[in-house]
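Shown below: upload-v3.tsv, with TSV, C-alpha atoms.
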chain	number	residue	atom	x	y	z
I	2	MET	CA	155.71	148.35	-124.48
I	3	PRO	CA	158.49	150.88	-125.19
I	4	GLU	CA	159.27	151.55	-128.83
I	5	THR	CA	162.36	149.69	-130.13
I	6	PHE	CA	165.53	151.66	-130.84
I	7	ARG	CA	167.55	149.77	-133.47
I	8	ILE	CA	171.35	149.73	-133.31
I	9	GLY	CA	173.45	148.69	-136.30
I	10	LEU	CA	176.76	147.27	-135.05
I	11	LEU	CA	179.86	147.43	-137.24
I	12	GLY	CA	182.51	145.10	-135.85
I	13	HIS	CA	182.12	142.13	-133.49
I	14	GLY	CA	185.55	141.71	-131.92
I	15	THR	CA	186.35	142.00	-128.21
I	16	VAL	CA	184.59	145.35	-127.75
I	17	GLY	CA	181.80	144.69	-130.26
I	18	GLY	CA	180.92	141.37	-128.65
I	19	ALA	CA	180.95	142.90	-125.18
I	20	PHE	CA	178.75	145.77	-126.42
I	21	ALA	CA	176.15	143.41	-127.90
I	22	GLU	CA	175.96	141.52	-124.60
I	23	LEU	CA	175.71	144.75	-122.60
I	24	VAL	CA	172.84	146.07	-124.75
I	25	ALA	CA	170.88	142.88	-124.10
I	26	ASP	CA	171.64	142.98	-120.35
I	27	ARG	CA	170.76	146.66	-119.88
I	28	ALA	CA	167.87	147.03	-122.33
I	29	ASP	CA	165.22	147.21	-119.59
I	30	HIS	CA	167.14	149.88	-117.68
I	31	VAL	CA	167.71	151.98	-120.81
I	32	ALA	CA	164.03	151.71	-121.66
I	33	ASN	CA	163.17	153.07	-118.21
I	34	VAL	CA	165.57	156.00	-118.67
I	35	THR	CA	164.81	156.93	-122.27
I	36	GLY	CA	161.40	155.45	-123.09
I	37	LEU	CA	163.07	153.50	-125.93
I	38	ARG	CA	164.24	149.87	-125.78
I	39	PRO	CA	167.61	149.34	-127.52
I	40	GLU	CA	168.39	146.23	-129.50
I	41	VAL	CA	171.17	145.27	-131.90
I	42	SER	CA	169.31	144.99	-135.19
I	43	GLY	CA	172.24	143.93	-137.40
I	44	VAL	CA	175.93	143.10	-137.14
I	45	LEU	CA	178.66	143.57	-139.73
I	46	ARG	CA	181.46	141.03	-139.28
I	47	ARG	CA	184.52	140.40	-141.43
I	48	SER	CA	182.87	137.36	-142.97
I	49	SER	CA	179.19	138.24	-142.82
I	50	GLY	CA	176.66	141.06	-142.87
I	51	ASP	CA	175.69	143.69	-145.42
I	52	PHE	CA	176.35	147.34	-144.55
I	53	ASP	CA	173.51	148.75	-146.65
I	54	ALA	CA	171.00	146.38	-145.08
I	55	ILE	CA	172.27	147.16	-141.58
I	56	LEU	CA	172.07	150.89	-142.30
I	57	GLU	CA	168.53	150.62	-143.61
I	58	GLY	CA	167.39	148.69	-140.54
I	59	SER	CA	168.93	150.91	-137.84
I	60	ASP	CA	168.23	154.15	-136.00
I	61	LEU	CA	171.87	154.53	-134.92
I	62	VAL	CA	175.16	152.99	-136.03
I	63	VAL	CA	177.96	151.90	-133.69
I	64	GLU	CA	181.37	151.69	-135.42
I	65	LEU	CA	183.84	149.35	-133.69
I	66	ILE	CA	185.82	148.19	-136.72
I	67	GLY	CA	188.84	150.40	-136.03
I	68	GLY	CA	191.34	151.78	-138.53
I	69	LEU	CA	190.66	154.31	-141.26
I	70	ASP	CA	189.13	152.26	-144.08
I	71	PRO	CA	186.39	151.24	-144.52
I	72	ALA	CA	185.41	152.84	-141.18
I	73	ARG	CA	185.53	156.40	-142.55
I	74	ASP	CA	183.30	155.53	-145.51
I	75	TYR	CA	180.78	153.71	-143.31
I	76	VAL	CA	180.58	156.56	-140.78
I	77	LEU	CA	180.11	159.20	-143.50
I	78	ARG	CA	177.45	157.13	-145.26
I	79	ALA	CA	175.59	156.50	-142.01
I	80	MET	CA	175.46	160.22	-141.17
I	81	ALA	CA	174.45	161.14	-144.72
I	82	ALA	CA	171.53	158.74	-144.23
I	83	GLY	CA	170.47	160.68	-141.13
I	84	LYS	CA	171.73	158.19	-138.56
I	85	HIS	CA	173.49	159.06	-135.31
I	86	VAL	CA	176.91	157.40	-135.03
I	87	VAL	CA	178.86	156.24	-131.97
I	88	THR	CA	182.50	155.24	-132.44
I	89	ALA	CA	185.48	154.16	-130.34
I	90	ASN	CA	187.88	154.78	-133.24
I	91	LYS	CA	190.56	157.26	-132.09
I	92	GLN	CA	192.70	156.88	-135.23
I	93	LEU	CA	189.74	157.83	-137.42
I	94	LEU	CA	188.90	160.92	-135.37
I	95	ALA	CA	192.53	161.99	-135.02
I	96	GLU	CA	193.01	161.96	-138.81
I	97	HIS	CA	189.53	162.83	-140.14
I	98	GLY	CA	187.72	164.37	-137.20
I	99	GLU	CA	186.98	167.75	-138.80
I	100	GLU	CA	185.48	166.10	-141.89
I	101	LEU	CA	183.33	163.80	-139.76
I	102	TRP	CA	182.14	166.50	-137.36
I	103	ALA	CA	181.29	168.75	-140.30
I	104	ALA	CA	179.24	165.92	-141.83
I	105	ALA	CA	177.41	165.44	-138.53
I	106	ARG	CA	176.52	169.13	-138.43
I	107	GLU	CA	175.49	169.13	-142.10
I	108	HIS	CA	173.12	166.21	-141.68
I	109	GLY	CA	171.81	167.19	-138.23
I	110	VAL	CA	173.02	164.02	-136.49
I	111	GLN	CA	175.31	163.24	-133.59
I	112	LEU	CA	178.79	161.74	-133.71
I	113	ARG	CA	179.71	160.55	-130.22
I	114	PHE	CA	183.12	159.15	-129.24
I	115	GLU	CA	183.65	158.97	-125.47
I	116	ALA	CA	185.16	155.49	-125.72
I	117	ALA	CA	187.77	156.65	-128.24
I	118	VAL	CA	189.86	158.50	-125.66
I	119	GLY	CA	189.91	157.19	-122.09
I	120	GLY	CA	187.85	154.03	-121.83
I	121	VAL	CA	185.28	154.68	-119.12
I	122	VAL	CA	186.91	157.97	-118.05
I	123	PRO	CA	184.26	160.54	-119.09
I	124	VAL	CA	186.70	163.23	-120.22
I	125	VAL	CA	185.00	163.92	-123.58
I	126	ARG	CA	181.64	164.60	-121.94
I	127	VAL	CA	183.27	166.75	-119.24
I	128	LEU	CA	185.06	168.90	-121.84
I	129	GLN	CA	182.03	169.20	-124.14
I	130	GLU	CA	179.42	169.77	-121.46
I	131	SER	CA	180.54	170.29	-117.83
I	132	LEU	CA	183.48	172.55	-118.73
I	133	ALA	CA	182.04	174.04	-121.92
I	134	GLY	CA	182.29	177.53	-120.41
I	135	ALA	CA	185.80	177.15	-118.94
I	136	HIS	CA	188.97	178.56	-120.49
I	137	VAL	CA	191.22	175.48	-120.40
I	138	GLU	CA	194.93	176.24	-120.09
I	139	ARG	CA	196.38	172.75	-120.04
I	140	LEU	CA	195.65	169.03	-120.14
I	141	HIS	CA	197.95	166.29	-118.90
I	142	GLY	CA	196.89	162.73	-119.62
I	143	ILE	CA	197.85	159.12	-119.00
I	144	VAL	CA	195.73	157.87	-121.89
I	145	ASN	CA	197.27	154.49	-122.69
I	146	GLY	CA	196.70	151.68	-120.21
I	147	THR	CA	199.24	149.35	-121.81
I	148	THR	CA	202.23	151.64	-121.29
I	149	ASN	CA	201.06	152.66	-117.83
I	150	PHE	CA	200.92	149.01	-116.80
I	151	ILE	CA	204.41	148.35	-118.21
I	152	LEU	CA	205.97	151.35	-116.43
I	153	SER	CA	204.16	150.47	-113.20
I	154	ARG	CA	205.59	146.93	-113.28
I	155	MET	CA	209.08	148.20	-114.06
I	156	ALA	CA	208.87	150.52	-111.06
I	157	GLU	CA	207.36	147.92	-108.72
I	158	THR	CA	209.52	144.90	-109.56
I	159	GLY	CA	212.67	146.26	-111.18
I	160	ALA	CA	211.77	144.39	-114.39
I	161	GLU	CA	213.29	145.48	-117.68
I	162	TYR	CA	211.01	146.82	-120.42
I	163	ALA	CA	210.89	143.58	-122.47
I	164	ASP	CA	209.88	141.48	-119.44
I	165	ALA	CA	207.17	143.94	-118.35
I	166	LEU	CA	205.81	144.03	-121.92
I	167	ALA	CA	205.68	140.22	-122.02
I	168	GLU	CA	203.70	140.22	-118.75
I	169	ALA	CA	201.30	142.83	-120.14
I	170	GLN	CA	200.71	140.65	-123.20
I	171	GLN	CA	200.17	137.57	-121.05
I	172	LEU	CA	197.55	139.39	-118.95
I	173	GLY	CA	195.79	140.83	-122.00
I	174	TYR	CA	196.80	144.46	-121.37
I	175	ALA	CA	198.95	144.56	-124.52
I	176	GLU	CA	198.25	143.36	-128.06
I	177	ALA	CA	200.41	140.77	-129.80
I	178	ASP	CA	201.68	143.73	-131.85
I	179	PRO	CA	201.92	146.55	-129.27
I	180	THR	CA	203.63	149.04	-131.64
I	181	ASP	CA	200.99	151.78	-131.56
I	182	ASP	CA	200.89	151.65	-127.76
I	183	VAL	CA	204.59	151.51	-126.88
I	184	THR	CA	205.69	154.07	-129.49
I	185	GLY	CA	203.20	156.65	-128.17
I	186	LYS	CA	201.12	156.77	-131.37
I	187	ASP	CA	197.92	155.59	-129.68
I	188	ALA	CA	198.28	158.24	-126.96
I	189	ALA	CA	199.03	160.91	-129.58
I	190	ALA	CA	195.79	160.10	-131.43
I	191	LYS	CA	193.84	160.50	-128.20
I	192	MET	CA	195.59	163.78	-127.36
I	193	ALA	CA	194.68	165.12	-130.82
I	194	ILE	CA	191.02	164.56	-129.97
I	195	LEU	CA	191.28	166.05	-126.48
I	196	ALA	CA	193.18	169.09	-127.75
I	197	ARG	CA	190.48	169.72	-130.37
I	198	LEU	CA	187.78	169.67	-127.71
I	199	ALA	CA	189.64	171.66	-125.05
I	200	PHE	CA	191.05	174.40	-127.29
I	201	ASP	CA	188.53	174.60	-130.18
I	202	THR	CA	191.30	174.29	-132.76
I	203	PRO	CA	191.90	171.57	-135.37
I	204	VAL	CA	194.68	169.13	-134.45
I	205	LYS	CA	195.77	166.12	-136.52
I	206	LEU	CA	197.74	163.11	-135.36
I	207	SER	CA	200.37	163.87	-138.01
I	208	GLU	CA	201.07	167.24	-136.31
I	209	ILE	CA	201.84	165.77	-132.89
I	210	PRO	CA	205.42	164.83	-131.91
I	211	TYR	CA	205.42	161.64	-129.85
I	212	GLU	CA	207.94	159.40	-128.12
I	213	GLY	CA	207.42	155.95	-126.67
I	214	ILE	CA	208.80	153.89	-123.81
I	215	GLU	CA	210.89	151.27	-125.63
I	216	HIS	CA	214.21	152.93	-124.73
I	217	LEU	CA	213.52	153.16	-120.98
I	218	THR	CA	215.46	150.97	-118.56
I	219	ALA	CA	215.00	149.69	-115.03
I	220	ASP	CA	217.99	151.86	-114.08
I	221	ASP	CA	216.04	154.99	-115.00
I	222	LEU	CA	213.29	154.10	-112.55
I	223	GLU	CA	215.75	153.12	-109.83
I	224	TYR	CA	217.63	156.41	-110.04
I	225	ALA	CA	214.35	158.30	-110.24
I	226	ARG	CA	213.29	156.89	-106.87
I	227	ASP	CA	216.43	158.40	-105.36
I	228	LEU	CA	215.33	161.75	-106.77
I	229	GLY	CA	211.73	161.38	-105.57
I	230	LEU	CA	210.29	160.82	-109.06
I	231	GLY	CA	207.93	158.39	-110.79
I	232	LEU	CA	207.78	157.69	-114.54
I	233	LYS	CA	204.68	157.87	-116.80
I	234	LEU	CA	203.91	158.22	-120.51
I	235	ILE	CA	202.27	161.65	-120.53
I	236	GLY	CA	200.21	163.39	-123.19
I	237	THR	CA	200.16	167.17	-122.88
I	238	ALA	CA	198.10	169.86	-124.61
I	239	GLU	CA	198.64	173.43	-123.43
I	240	ARG	CA	198.55	177.06	-124.49
I	241	VAL	CA	202.06	178.39	-125.20
I	242	ASP	CA	202.81	181.96	-126.33
I	243	GLY	CA	199.47	182.41	-128.08
I	244	GLY	CA	199.71	179.01	-129.76
I	245	LEU	CA	199.12	175.38	-128.81
I	246	SER	CA	201.59	172.64	-127.93
I	247	VAL	CA	200.42	169.02	-128.14
I	248	ARG	CA	202.93	166.24	-127.46
I	249	VAL	CA	203.38	162.76	-125.99
I	250	HIS	CA	206.52	161.54	-124.23
I	251	PRO	CA	207.75	159.76	-121.10
I	252	ALA	CA	207.95	162.16	-118.17
I	253	PHE	CA	208.95	162.00	-114.55
I	254	LEU	CA	206.54	163.37	-111.94
I	255	TYR	CA	207.00	164.31	-108.33
I	256	GLY	CA	204.66	162.61	-105.87
I	257	ALA	CA	202.46	165.69	-105.40
I	258	HIS	CA	201.33	165.62	-109.04
I	259	PRO	CA	197.79	164.16	-109.35
I	260	LEU	CA	198.89	161.71	-112.07
I	261	ALA	CA	201.78	160.30	-110.01
I	262	SER	CA	199.56	157.76	-108.22
I	263	ILE	CA	197.81	156.43	-111.38
I	264	ASN	CA	199.20	152.90	-111.74
I	265	GLY	CA	198.52	149.71	-113.67
I	266	PRO	CA	196.20	149.75	-116.72
I	267	PHE	CA	194.38	152.88	-115.54
I	268	ASN	CA	193.94	156.14	-117.46
I	269	ALA	CA	193.65	159.64	-116.05
I	270	VAL	CA	193.37	163.19	-117.37
I	271	THR	CA	194.14	166.38	-115.46
I	272	ILE	CA	192.39	169.53	-116.70
I	273	GLU	CA	193.66	172.95	-115.61
I	274	SER	CA	191.68	176.18	-115.94
I	275	PRO	CA	191.62	179.43	-113.96
I	276	ALA	CA	187.90	178.91	-113.30
I	277	ILE	CA	188.31	175.44	-111.75
I	278	THR	CA	192.02	175.32	-110.79
I	279	GLU	CA	192.47	171.60	-111.54
I	280	ILE	CA	190.37	168.44	-111.77
I	281	THR	CA	191.53	164.88	-112.39
I	282	LEU	CA	189.40	162.12	-113.92
I	283	SER	CA	190.61	158.52	-113.72
I	284	GLY	CA	189.45	154.98	-114.35
I	285	PRO	CA	190.12	151.81	-116.38
I	286	GLY	CA	191.46	152.70	-119.80
I	287	ALA	CA	191.05	149.46	-121.69
I	288	GLY	CA	189.15	146.18	-121.83
I	289	GLY	CA	186.10	144.95	-123.71
I	290	PRO	CA	183.44	145.42	-120.99
I	291	GLN	CA	184.84	148.81	-119.92
I	292	THR	CA	184.96	150.22	-123.46
I	293	ALA	CA	181.54	148.73	-124.23
I	294	SER	CA	180.13	150.55	-121.21
I	295	ALA	CA	181.41	153.88	-122.54
I	296	VAL	CA	179.95	153.09	-125.98
I	297	LEU	CA	176.54	152.30	-124.48
I	298	GLY	CA	176.69	155.57	-122.53
I	299	ASP	CA	177.14	157.40	-125.82
I	300	VAL	CA	174.25	155.49	-127.38
I	301	ILE	CA	171.97	156.53	-124.51
I	302	SER	CA	173.10	160.15	-124.88
I	303	ALA	CA	172.30	160.01	-128.60
I	304	MET	CA	168.83	158.68	-127.78
I	305	ILE	CA	168.26	161.91	-125.82
I	306	PRO	CA	169.94	164.30	-128.27
I	307	PRO	CA	172.08	167.24	-127.18
I	308	ALA	CA	174.17	169.28	-129.63
I	309	SER	CA	176.96	167.70	-131.66
I	310	THR	CA	180.59	168.89	-131.86
I	311	PRO	CA	180.61	172.52	-133.11
I	312	GLU	CA	182.92	174.02	-135.71
I	313	PRO	CA	186.43	175.03	-134.54
I	314	ALA	CA	186.42	178.44	-132.89
I	315	ASP	CA	190.13	179.09	-133.28
I	316	GLU	CA	193.20	178.33	-135.41
I	317	LEU	CA	196.04	178.23	-132.89
I	318	ALA	CA	199.58	177.78	-134.18
I	319	LEU	CA	201.17	174.54	-132.99
I	320	ILE	CA	204.30	175.22	-130.92
I	321	ALA	CA	207.12	172.65	-131.06
I	322	ASP	CA	209.86	174.10	-128.81
I	323	VAL	CA	208.55	174.33	-125.24
I	324	THR	CA	210.07	174.66	-121.78
I	325	SER	CA	210.47	171.61	-119.54
I	326	ALA	CA	212.52	170.31	-116.66
I	327	PHE	CA	214.55	167.20	-117.52
I	328	TYR	CA	216.07	164.09	-116.00
I	329	LEU	CA	219.52	163.60	-117.54
I	330	HIS	CA	221.39	160.28	-117.31
I	331	VAL	CA	225.05	160.27	-118.37
I	332	GLU	CA	227.37	157.23	-118.28
I	333	VAL	CA	230.99	158.30	-117.94
I	334	ALA	CA	234.47	157.18	-117.05
I	335	ASP	CA	235.13	158.79	-113.66
I	336	GLU	CA	238.13	160.95	-114.50
I	337	PRO	CA	239.38	164.34	-113.27
I	338	GLY	CA	237.54	167.23	-114.92
I	339	VAL	CA	234.43	165.27	-115.94
I	340	LEU	CA	232.02	167.29	-113.84
I	341	ALA	CA	233.68	170.54	-114.85
I	342	GLN	CA	233.21	169.81	-118.56
I	343	LEU	CA	229.59	168.76	-118.08
I	344	ALA	CA	228.89	171.87	-116.04
I	345	GLN	CA	230.50	174.04	-118.71
I	346	ILE	CA	228.32	172.56	-121.47
I	347	LEU	CA	225.15	172.92	-119.40
I	348	GLY	CA	226.10	176.47	-118.51
I	349	LEU	CA	226.62	177.40	-122.16
I	350	GLN	CA	222.99	176.46	-122.79
I	351	GLY	CA	221.75	178.26	-119.68
I	352	ILE	CA	220.88	175.00	-117.91
I	353	SER	CA	221.02	174.78	-114.11
I	354	VAL	CA	220.90	171.59	-112.03
I	355	LYS	CA	218.17	171.09	-109.42
I	356	SER	CA	219.28	167.71	-107.96
I	357	PHE	CA	222.13	165.30	-108.60
I	358	VAL	CA	223.02	161.65	-107.89
I	359	GLN	CA	226.24	159.77	-108.74
I	360	LYS	CA	226.32	155.96	-108.91
I	361	GLY	CA	229.42	153.82	-109.38
I	362	LEU	CA	233.08	154.63	-109.78
I	363	GLY	CA	235.84	154.16	-112.33
I	364	THR	CA	234.77	153.29	-115.86
I	365	ASN	CA	231.17	152.59	-114.78
I	366	ALA	CA	230.17	155.88	-113.21
I	367	ARG	CA	226.67	157.21	-113.82
I	368	LEU	CA	225.72	160.82	-113.31
I	369	VAL	CA	221.97	161.35	-112.91
I	370	MET	CA	220.48	164.80	-112.46
I	371	VAL	CA	217.29	166.80	-112.72
I	372	VAL	CA	217.73	170.20	-114.35
I	373	HIS	CA	215.49	173.23	-113.94
I	374	PRO	CA	213.03	174.07	-116.76
I	375	VAL	CA	214.73	175.07	-120.00
I	376	LEU	CA	213.77	175.26	-123.68
I	377	GLU	CA	213.86	171.74	-125.08
I	378	SER	CA	216.06	172.86	-127.99
I	379	LYS	CA	218.73	174.06	-125.53
I	380	LEU	CA	218.64	170.82	-123.57
I	381	PHE	CA	218.91	168.67	-126.69
I	382	ALA	CA	221.78	170.84	-127.96
I	383	ALA	CA	223.59	170.17	-124.68
I	384	VAL	CA	222.89	166.42	-125.01
I	385	GLU	CA	224.49	166.41	-128.47
I	386	MET	CA	227.58	168.16	-127.12
I	387	ILE	CA	227.85	165.83	-124.11
I	388	ALA	CA	227.44	162.77	-126.35
I	389	GLY	CA	230.57	163.85	-128.25
I	390	LEU	CA	232.83	163.97	-125.17
I	391	GLU	CA	235.58	161.38	-125.03
I	392	PHE	CA	234.77	160.11	-121.54
I	393	VAL	CA	231.04	159.59	-122.21
I	394	ARG	CA	230.39	155.85	-122.72
I	395	ALA	CA	226.83	155.89	-124.08
I	396	ARG	CA	224.43	158.41	-125.51
I	397	PRO	CA	222.91	160.42	-122.63
I	398	ARG	CA	219.25	159.78	-121.87
I	399	ALA	CA	217.03	162.82	-121.40
I	400	ILE	CA	213.48	162.38	-120.08
I	401	ARG	CA	211.13	165.24	-119.32
I	402	VAL	CA	210.04	166.00	-115.76
I	403	LEU	CA	206.67	167.54	-114.88
I	404	ASP	CA	207.63	169.63	-111.87
I	405	GLU	CA	204.25	171.20	-111.11
I	406	GLU	CA	202.74	170.55	-107.68
I	407	PHE	CA	199.08	170.95	-106.78
Mind turning the file's structure into structure tokens?
Amino acid sequence: MPETFRIGLLGHGTVGGAFAELVADRADHVANVTGLRPEVSGVLRRSSGDFDAILEGSDLVVELIGGLDPARDYVLRAMAAGKHVVTANKQLLAEHGEELWAAAREHGVQLRFEAAVGGVVPVVRVLQESLAGAHVERLHGIVNGTTNFILSRMAETGAEYADALAEAQQLGYAEADPTDDVTGKDAAAKMAILARLAFDTPVKLSEIPYEGIEHLTADDLEYARDLGLGLKLIGTAERVDGGLSVRVHPAFLYGAHPLASINGPFNAVTIESPAITEITLSGPGAGGPQTASAVLGDVISAMIPPASTPEPADELALIADVTSAFYLHVEVADEPGVLAQLAQILGLQGISVKSFVQKGLGTNARLVMVVHPVLESKLFAAVEMIAGLEFVRARPRAIRVLDEEF
């Protein structure tokens, strides 16, 4: 009989329950692969279980509580006791990752976290192992399945944001309180982790500017189709002028971009490096069974130990003002001289127009354009000036466009 490998489970919600079932279902297979038979030896629930007893009776601890406290304390105590830890907690890693990875190195244990970033998409393992020798230049990611589902439904059906969100909640793709998802905070936490791995430099969630999708309208997606564009919530981490830019925001993509076809509750990450050109990893980004599968994969990896996350190799400055193409939506009264004044303002900021669409006439005219790449500060300065014009009826909407083709 294979020796038993004891797993202490912290948290028994949707993912924790699915993980416990998966361990029982796959125990024979794991025993064949590793020579050890996994079993859940103790469970900490909100209303039952004792952490110290679970810690004492386990070889590895799986943390699926979420949040910062008491998860941080439990993870640190488990590693100090010489236990490997597997977590799906992106908020914890985005805020306290360096402290936790340092503790793992100090105590000679592993801290594994594949499920914290992209569900079953194995981007953490690819960055840490398969591409460990590559010089990564840029990551683009759709790393939040909730927002990707909402934007996909808005594009497919013409639904407004509120209706698409309600459908996502009904189908279980969005929480009752979807704030972290729709504001971009969840994606920003995941990008902090990916940036740390790809660029060997510490990145905290609090350092990442992020925007959500709450302000987007069905009109934006309709006009975008006329311009050959699709809309996604994109996380980006890239080298810029010797520093590092990490950000999350809605962005339009042309059809040739590898993320343009990622629809519904799926996640995907594109990794660019001179050594590999570009690779894209995609798969389901959420759901109890899917996340549980990624957690069990980490448990199996910890049972056959490779190295843990090393110390940061660099301290790159975080760059805030970067260059991007933009979609610009301006609602105006169609009067003589309107286009001339808009062109003058754009010209003052060195902004040139790539494509242009006009909808409506009279007091309900809409001018929609894509401008060539420009420093974001210049574009936003132009938006402020345009917003102050007498004939402009609503604040202009500016959404970034990823204009790379592969």
>> List as a list of chain:residue names the protein and nucleic acid residues near Glu100 (chain I), meaning an atom at most 12 Å away when all atoms listed in the file are counted, but skip any in the same chain fewer than 6 places from it.
In response: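 What passes the distance filter is I:Arg73, I:Asp74, I:Val76, I:Leu77, I:Met80, I:Leu93, I:Leu94, I:Arg106, I:Glu107, I:Leu112, I:Pro203, I:Lys205, I:Thr310, I:Pro311, I:Glu312, I:Pro313.
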For those residues, write C-alpha atoms to a file as a PDB file, in the frame of the given file.
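And here's selection-v4.pdb as it stands now:
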ATOM      1  CA  ARG I  73     185.530 156.400-142.550  1.00  0.00           C
ATOM      2  CA  ASP I  74     183.300 155.530-145.510  1.00  0.00           C
ATOM      3  CA  VAL I  76     180.580 156.560-140.780  1.00  0.00           C
ATOM      4  CA  LEU I  77     180.110 159.200-143.500  1.00  0.00           C
ATOM      5  CA  MET I  80     175.460 160.220-141.170  1.00  0.00           C
ATOM      6  CA  LEU I  93     189.740 157.830-137.420  1.00  0.00           C
ATOM      7  CA  LEU I  94     188.900 160.920-135.370  1.00  0.00           C
ATOM      8  CA  ARG I 106     176.520 169.130-138.430  1.00  0.00           C
ATOM      9  CA  GLU I 107     175.490 169.130-142.100  1.00  0.00           C
ATOM     10  CA  LEU I 112     178.790 161.740-133.710  1.00  0.00           C
ATOM     11  CA  PRO I 203     191.900 171.570-135.370  1.00  0.00           C
ATOM     12  CA  LYS I 205     195.770 166.120-136.520  1.00  0.00           C
ATOM     13  CA  THR I 310     180.590 168.890-131.860  1.00  0.00           C
ATOM     14  CA  PRO I 311     180.610 172.520-133.110  1.00  0.00           C
ATOM     15  CA  GLU I 312     182.920 174.020-135.710  1.00  0.00           C
ATOM     16  CA  PRO I 313     186.430 175.030-134.540  1.00  0.00           C
TER      17      PRO I 313
END
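CA of Leu195 (chain I) is found 18.4 Å from CA of Ala105 (chain I).
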>> At a cut-off of 9 Å, using only C-alpha atoms, what residues contact region 42-49 of chain I? Leave out same-chain residues fewer than 6 positions from it and give the result as a ChimeraX atom specification.
In response: /I:6-14,55-56,58-59,66
>> Could you list, as a VMD selection string, every residue within 12 Å of Asp201 (chain I), counting all atoms listed in the file and ignoring same-chain residues fewer than 6 positions away?
In response: chain I and resid 99 128 to 129 133 to 137 193 to 195 240 245 310 to 317
> Got a sec: who's within 6 Å of region 140-156 of chain I, counting only C-alpha atoms, leaving out chain neighbours fewer than 2 positions off, as a PyMOL selection string?
Replying inline: chain I and resi 119+158-160+165-166+174-175+188+222+235-238+264-272+286
> Distance CA of Ile214 (chain I)-CA of Leu234 (chain I), one decimal place?
Replying inline: 7.3 Å
> Do you have the CA of Asp322 (chain I)-CA of Val375 (chain I) distance handy?
Replying inline: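 It comes out at 10.1 Å.
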Can you list, as a PDB file with C-alpha atoms, in the coordinates of the input, every protein, DNA or RNA residue that comes within 10 Å of Leu329 (chain I) when you count all atoms listed in the file, leaving out same-chain residues fewer than 6 positions away?
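Printed below is out-v2.pdb as written:
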ATOM      1  CA  ASP I 221     216.040 154.990-115.000  1.00  0.00           C
ATOM      2  CA  VAL I 354     220.900 171.590-112.030  1.00  0.00           C
ATOM      3  CA  PHE I 357     222.130 165.300-108.600  1.00  0.00           C
ATOM      4  CA  LEU I 368     225.720 160.820-113.310  1.00  0.00           C
ATOM      5  CA  VAL I 369     221.970 161.350-112.910  1.00  0.00           C
ATOM      6  CA  MET I 370     220.480 164.800-112.460  1.00  0.00           C
ATOM      7  CA  VAL I 371     217.290 166.800-112.720  1.00  0.00           C
ATOM      8  CA  VAL I 372     217.730 170.200-114.350  1.00  0.00           C
ATOM      9  CA  LEU I 380     218.640 170.820-123.570  1.00  0.00           C
ATOM     10  CA  VAL I 384     222.890 166.420-125.010  1.00  0.00           C
ATOM     11  CA  PRO I 397     222.910 160.420-122.630  1.00  0.00           C
ATOM     12  CA  ARG I 398     219.250 159.780-121.870  1.00  0.00           C
ATOM     13  CA  ALA I 399     217.030 162.820-121.400  1.00  0.00           C
ATOM     14  CA  ILE I 400     213.480 162.380-120.080  1.00  0.00           C
ATOM     15  CA  ARG I 401     211.130 165.240-119.320  1.00  0.00           C
ATOM     16  CA  VAL I 402     210.040 166.000-115.760  1.00  0.00           C
TER      17      VAL I 402
END
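Using all atoms listed in the file, the nearest neighbour of Arg126 (chain I) within the list I:His97, I:Arg367, I:Arg394, I:Arg113 is I:Arg113.
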> Of the candidates I:Ala169, I:Leu206, I:Val121, I:Val34, which shows the shortest atom-to-atom distance to Glu96 (chain I), using only C-alpha atoms?
Replying inline: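 For Glu96 (chain I), the nearest of the given residues is I:Leu206.
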>> Measuring between only C-alpha atoms, which one of I:Phe200, I:Phe20, I:Trp102, I:Tyr328 shows the shortest distance to Lys355 (chain I)?
In response: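 Comparing I:Phe200, I:Phe20, I:Trp102, I:Tyr328 against Lys355 (chain I), the winner is I:Tyr328.
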>> Given all atoms listed in the file as the basis, pick out the residue of I:Ala72, I:Ala318, I:Leu232, I:Met192 nearest to Val125 (chain I).
In response: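 Under the stated criterion, the closest residue is I:Met192.
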>> From (171.8, 161.6, -135.9), in the file's coordinates, out to 12 Å: which residues are reached, counting all atoms listed in the file? Answer as a ChimeraX atom specification.
In response: /I:59-63,76-87,102,104-113,300,302-309
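Using all atoms listed in the file, the shortest contact distance between Asp227 (chain I) and any of I:Lys360, I:Gly120, I:Ala257, I:Ala388 is found at I:Lys360.
When all atoms listed in the file are used to measure the gap to Ala252 (chain I), the shortest distance among I:Ala225, I:Ala25, I:Leu343, I:Ala163 belongs to I:Ala225.
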Hey, can I get the axis-aligned box for region 324-328 of chain I? All listed atoms, 6 Å padding on each side, centre and edge lengths in Å to one decimal, as JSON.
{"center_x": 213.1, "center_y": 169.4, "center_z": -118.9, "size_x": 18.0, "size_y": 22.6, "size_z": 17.8}
